[in-house]
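Novice: Sharing a structure with you now.
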Amino acid sequence: MISSFVITGFLGVGKTTMLTNSVKQYFPDKKIAIVVNEFGDIGVDSKILTNVYSEVLEISEGCICCQLAEEFESGVREIIEKYDPEIIFVETSGASEPFPIFLSLQNLGIAVEGVICVVDAKNFSSYKENSTAKYQLGGSNIIVLNKTDLVSEDEALAVEKELGETKEAYNIKNTMTGKAIFKNYVVHRAEQGLVNKEVFEGIYRVEDVVKLAEDYKHHDHTIKDSLTQKVVYLKEGIAFNDVDQVLENLPENIYRVKGVVKVKDVPNPIFVNYSFGDVSFEELPDYEGKSLLIFIGEDIDRNVATLCQKYDYLNLPLFSTTKA
Ligand SMILES: Nc1nc2c(ncn2[C@@H]2O[C@H](COP(=O)(O)OP(=O)(O)OP(=O)(O)O)[C@@H](O)[C@H]2O)c(=O)[nH]1
Ligand SMILES: [Mg+2]
């Protein structure tokens, strides 16, 4: 039987980092396939993940938990036929709930070894009221407190207490028995997505609940939280500093930026990864596409338009790609 893990967690908490840093290291001899769904229609993560894994399936149009069950299931079937993986890792978008994916995997006869919710220890308080974030905790059985390098021990303990409370309140219930499906859960700490191997050892395998949870209806999180994304293209011939300037002057409601930019003073394209005020850059030698940044946040359209007016090297595309 094929095994799988679902990796969920809010925007920018470190899901892809966990896949690039932890997973490969723990399964050196296994055939691993990755399925990644990103918020928005341009798959930046899949470009990063293909550097590490040979089989990466990108499901990038729309939200995997709302509209894409069919595309997800047929994609997974295809990857199984073509590649015959032993383990499948699914990174859900930061705006998705994990439970529908969990049900889909079980539908396909794939064992779910764990639903991992990655939490950003530093920024949890900034996003904890988001309803999707709450259901992500409620629908998981392994919680990974990541970015612990950015907080003190006391802060880490305070976040653990809070996320425990959210977990209890939002635990997904079996509609027939009224009992929580992921009643037992563990919390592990991590830095740069490097988590204890135990997380992946299958000891937290979730039992088959498909039949019992059949009438689960997930809430309409996208409307309520009005998460939007905007793609912006960058002119040629700009300097690294120009990009940095944009990132240093972002309004608070834009809390996530991803993209790949080409600048005149760095030889290779640069992968830009910004979340909640922190940014990392990485050179990406084999990127052939346009220079672009994807802004994600709540009701950000006007803010992005303002940024484009302020910095004339940022261009909105002719057709908007805003998506909830
Ligand atoms: N300081 C610190 N930074 C981290 C850690 N883990 C991840 N990051 C950084 O956080 C940013 C977001 O990481 P990703 O792995 O792309 O996050 P994600 O959850 O996959 O993001 P989305 O898929 O867009 O929702 C990147 O800049 C990472 O380098 C950590 O433990 N400590
Ligand atoms: Mg990611």
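Ligands are numbered from 1 in the order shown, residues from 1 within each chain, and chains are lettered A, B, ... in the order they appear in the structure tokens.
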Which of segment 62-257 of chain A end up as alpha helix (DSSP H) when DSSP is run on this backbone - answer as a VMD selection string?

Specialist: chain A and resid 69 to 83 99 to 107 124 to 127 131 to 138 153 to 170 221 to 225 240 to 248

Novice: At a cut-off of 12 Å around ligand 2, and using only C-alpha atoms and all ligand atoms, what residues come up? Please write them as a PyMOL selection string.

Specialist: chain A and resi 7-20+34-40+42-49+58+60+90-96+118+193+256-259+273-275

Novice: List the neighbours of segment 147-151 of chain A out to 12 Å using only C-alpha atoms; skip same-chain residues closer than 2 positions along the sequence, and give me the result as a PyMOL selection string.

Specialist: chain A and resi 12-15+17-18+118-124+144-145+153-160+188-195+275+278

Novice: Using backbone DSSP assignments, extract all strand (DSSP E or B) residues from segment 63-305 of chain A; output them as a ChimeraX atom specification.

Specialist: /A:87-91,111-120,142-146,173,180,186-189,191,194,227-234,254-261,270-275,278-283,292-298

Novice: In terms of the shortest atom-to-atom distance over only C-alpha atoms and all ligand atoms, which of A:Ser140, A:Ser22, A:Asn184, A:Ser104 is closest to ligand 1?

Specialist: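 The answer is A:Ser22, which sits nearest to ligand 1.
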
Novice: Given only C-alpha atoms and all ligand atoms as the basis, pick out the residue of A:Asp29, A:Glu282, A:Glu298, A:Glu198 nearest to ligand 1.

Specialist: A:Glu282
